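Asker: Could you have a look at this structure, given as C-alpha cells, before my questions?
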Amino acid sequence: MPAAAATKSPVEESVSKITRHSHLLAAQLQTLRSQMYPPEAKKTLKTFTSREAAMMVGIAESTLRQMSLDGESAAPELHGKDNRRRAYTLAQINEIREHLAKKRPKEALEFLPRRRVGEKLQIVAVANFKGGSAKTTTTVHLAHFLALQGLRVLAIDLDPQASLSTMFGYQPEIDVEDNQTVYGAIRYDEGQRVPLASVIRKTYFEGIDLVPGNLELMEYEHETPQAIARGDGRGEGMFFRRLGSVIASVEDDYDVVLIDAPPQLGYLTLGALYAASALLVTVHPAMLDVSSMNQFLKMTSDILQVIEENGGHLHHDFIRYVLTRHDPNDVPQVNIVALLRSLFGEDVLAPVVVETTAIASAGLEKKSLYEMARGTVGRDTLNRALESVDSVNQEILNHLNQVWGRT
C-alpha cells in the first residue's frame, strides 16, 4: 500500500499572520512596559542633586542650601544614611527659578528664560525623508534640553509610527484612542473635530506636554485629496494651514513647539513645514542618506512653490541641518560633512551629534541621555555623548534667543 500522504498544515493567510503578529507584539510590549515601570507602568523623571540643581539654576550650591534653610525654596528630599544628600525634582527647580526671577527682576531672564510679551511662539519642525537620520532622537533630546532650561515645551508627534510618543511612555495602539491625536483637531469632519487642548497630555517630564500620535494620523493623508477634490477647506481651512491654526489656539501656554514630522513628504509634513517658524533637517553623513535628503529638498521645493502660488506664504526664521550619528574617524563621513559645510555654510550647525553607544543604550530604555543614571554606561562615554548633544541643543537655543532678540 502507498504510504499515507503527510498531512499539511493549512497555510496562514498574510492578513491573518500580520494581524496575529501585531497582537502578539503589542501584548508583549505592554508586558515589558509594566515590568520596566511598575506598578503604574508610568515613566518618571529622575531627581537632581543639590549640585546639579544649583548649576541648572545658575547659582552657587551654598546659595541654594541657604535658600532652603531660609524657606525661600522648595524643601528637597533627603537621602542617605545621615539624611544629608539633597535631591530636587525638576518642578522644584522651576519653583526656585520663578522665586529668583521675582526676587531679582534684572536677572529674571537668566533664571527663567521663558518668552516674554511680544516674543513669538517658536515652532520648530524636525524633518527628513530618510529613516535612521535620528529625527525622533533629535526631537526628544531637544525637548528635554529646553525643559531643563525652564522653558515650556509642546511636543507634537505627527508620525503615524509614533516613536516620539513611545519615548514619552505612551504605547500608541493601547494608550492613544480615536480622536486623541492631532488628527482630531485638524480633521475635515467638523462634527468630530475637537480642540487641540483636549488632546494635549501632560508628561512625566516637567515642562513638556505631548500631542501623541498613532496610525490614526494616516486618515488625514487619505482624506485630504478627497477634501481638495470636493473644494472643502478653503481659505484658513486649507490643508497646509490647519496645523498652524490649531497650534495658535494654545500658544499662550508654551515657549517652544517641537514637531516630529513623518519620514515622508505627505500632507502632514507640509502642514508642519508651513506652521513652523524654524526647520531642522537631520542628516546622517553617509552617501545614501545625503542622496535621500537631496530628493527630500527637491520635492519639498517643488511642492512648497505650489503652496505659495496658492496663497501660502512661507517664512522660516532659520533652517539648519543637524549632523547626527557622526563618526569623526570615518573618512567618507568626514568628507561628506566637509562637502555639506562647503555647500550650505552656516546653515549646517557647527556642533554635531556623534555616533555613540550611550545614545543607543538610552534608546533601548526609551530614555534620552538626560535621563540616564550614572553607571548605566561608561562615565567617559556618557560625558562625551552629553557634551555632543548639549552643544547641538545649545546652538539651537541660541538661534531661538536670536529670534526673540535676546542676543
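Letters A, B, ... mark the chains of the C-alpha cells in the order given; residue numbers begin at 1 per chain; ligand numbers begin at 1, in order shown.
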Tell me which protein, DNA and RNA residues are within 10 Å of stretch 68-75 of chain A, counting only C-alpha atoms, leaving out same-chain ones fewer than 6 positions away, and put them as a PyMOL selection string.

Answerer: chain A and resi 62+86-89+91-100

Asker: Residues of stretch 74-272 of chain A classed as helix (DSSP H, G or I) by DSSP on the backbone are to be reported as a PyMOL selection string.

Answerer: chain A and resi 90-103+105-111+135-148+163-167+172-175+183-186+196-199+215-230+235-237+242-248+251-253+267-272

Asker: Between A:Thr269, A:Thr63, A:Gly118, A:Arg51, which is the closest to A:Ile156 once you count only C-alpha atoms?

Answerer: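 Residue with the minimum atom-to-atom distance to A:Ile156: A:Thr269.
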
Asker: Can you work out which one of A:Asn128, A:Glu355, A:Ala147, A:Arg242 has the shortest atom-to-atom distance to A:Leu265, counting only C-alpha atoms?

Answerer: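 Nearest to A:Leu265: A:Asn128.
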
Asker: At a cut-off of 8 Å, using only C-alpha atoms, what residues contact A:Ala134? Leave out same-chain residues fewer than 4 positions from it and give the result as a PyMOL selection string.

Answerer: chain A and resi 138+282-284+324-325

Asker: My list of candidates is A:Gln264, A:Gln171, A:Thr181, A:Asn294. Which is closest to A:Ala155 when distances are computed with only C-alpha atoms?

Answerer: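 With only C-alpha atoms as the atom set, the closest residue is A:Thr181.
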
Asker: List as a list in words the protein and nucleic acid residues near stretch 377-391 of chain A, meaning an atom at most 6 Å away when only C-alpha atoms are counted, but skip any in the same chain fewer than 2 places from it.

Answerer: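 Contacts, in chain order: Pro351, Val353, Ala358, Gly375, Asn393 and Gln394 of chain A.
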
Asker: Given the selection you just returned, output its residues as a file containing N, CA and C atoms, formatted as an mmCIF file, in the first residue's frame.

Answerer:
data_model
loop_
_atom_site.group_PDB
_atom_site.id
_atom_site.type_symbol
_atom_site.label_atom_id
_atom_site.label_comp_id
_atom_site.auth_asym_id
_atom_site.auth_seq_id
_atom_site.Cartn_x
_atom_site.Cartn_y
_atom_site.Cartn_z
ATOM 1 N N PRO A 351 28.220 72.332 15.782
ATOM 2 C CA PRO A 351 28.389 71.085 16.537
ATOM 3 C C PRO A 351 27.674 69.929 15.836
ATOM 4 N N VAL A 353 26.168 65.691 16.413
ATOM 5 C CA VAL A 353 25.858 64.608 17.345
ATOM 6 C C VAL A 353 26.700 63.404 16.932
ATOM 7 N N ALA A 358 26.181 55.335 23.943
ATOM 8 C CA ALA A 358 25.373 55.903 25.029
ATOM 9 C C ALA A 358 23.962 56.217 24.543
ATOM 10 N N GLY A 375 26.546 55.359 35.660
ATOM 11 C CA GLY A 375 26.854 53.963 35.885
ATOM 12 C C GLY A 375 26.151 53.029 34.925
ATOM 13 N N ASN A 393 22.162 71.217 21.028
ATOM 14 C CA ASN A 393 20.943 71.826 21.564
ATOM 15 C C ASN A 393 21.167 73.270 21.990
ATOM 16 N N GLN A 394 22.351 73.569 22.523
ATOM 17 C CA GLN A 394 22.638 74.950 22.936
ATOM 18 C C GLN A 394 22.682 75.869 21.725
#

Asker: Between A:Glu365, A:Glu216, A:Asp347, A:Glu309, single out the one closest to A:Glu177, counting only C-alpha atoms.

Answerer: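 With only C-alpha atoms as the atom set, the closest residue is A:Glu216.
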
Asker: Just checking: using only C-alpha atoms, which residue out of A:Arg187, A:His313, A:Arg241, A:Arg116 ends up closest to A:Glu219?

Answerer: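 Closest to A:Glu219 of all the choices is A:Arg187.
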
Asker: Excluding A:Gln295 and residues on its chain fewer than 4 positions from it, collect all residues at most 12 Å away from it, counting only C-alpha atoms, and give them as a compact mmCIF listing (two decimals) with N, CA, C and O atoms, in the first residue's frame.

Answerer:
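Printed below is out_13.txt as written:
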# COMPACT_ATOMS: atom_id res chain seq x y z
N ASN A 128 12.90 64.94 7.82
CA ASN A 128 13.73 64.33 6.78
C ASN A 128 12.98 63.14 6.21
O ASN A 128 12.10 62.59 6.85
N PHE A 129 13.35 62.77 4.98
CA PHE A 129 12.77 61.59 4.34
C PHE A 129 13.28 60.31 4.95
O PHE A 129 12.57 59.35 5.12
N LYS A 130 14.58 60.28 5.23
CA LYS A 130 15.29 59.03 5.48
C LYS A 130 15.09 58.54 6.89
O LYS A 130 15.35 59.25 7.85
N GLN A 264 8.21 61.14 5.44
CA GLN A 264 7.81 61.23 4.04
C GLN A 264 7.13 62.58 3.82
O GLN A 264 6.67 63.20 4.77
N LEU A 265 7.10 63.00 2.56
CA LEU A 265 6.57 64.33 2.26
C LEU A 265 5.09 64.22 1.94
O LEU A 265 4.67 64.32 0.78
N LEU A 288 24.16 57.47 0.98
CA LEU A 288 22.76 57.14 0.72
C LEU A 288 21.83 58.12 1.42
O LEU A 288 20.80 58.53 0.86
N ASP A 289 22.17 58.49 2.64
CA ASP A 289 21.33 59.42 3.39
C ASP A 289 21.34 60.80 2.77
O ASP A 289 20.30 61.47 2.69
N VAL A 290 22.49 61.25 2.32
CA VAL A 290 22.58 62.57 1.70
C VAL A 290 21.84 62.58 0.36
O VAL A 290 21.18 63.56 0.01
N SER A 291 21.92 61.47 -0.39
CA SER A 291 21.16 61.37 -1.64
C SER A 291 19.66 61.43 -1.37
O SER A 291 18.91 62.09 -2.09
N MET A 299 11.83 67.71 -3.72
CA MET A 299 10.37 67.55 -3.68
C MET A 299 9.75 68.64 -2.81
O MET A 299 8.69 69.19 -3.14
N THR A 300 10.40 68.95 -1.68
CA THR A 300 9.88 69.99 -0.80
C THR A 300 9.84 71.32 -1.53
O THR A 300 8.85 72.06 -1.46
N SER A 301 10.91 71.64 -2.25
CA SER A 301 10.97 72.89 -3.02
C SER A 301 9.84 72.97 -4.03
O SER A 301 9.14 73.99 -4.12
N ASP A 302 9.63 71.90 -4.78
CA ASP A 302 8.60 71.90 -5.81
C ASP A 302 7.21 72.09 -5.21
O ASP A 302 6.40 72.90 -5.71
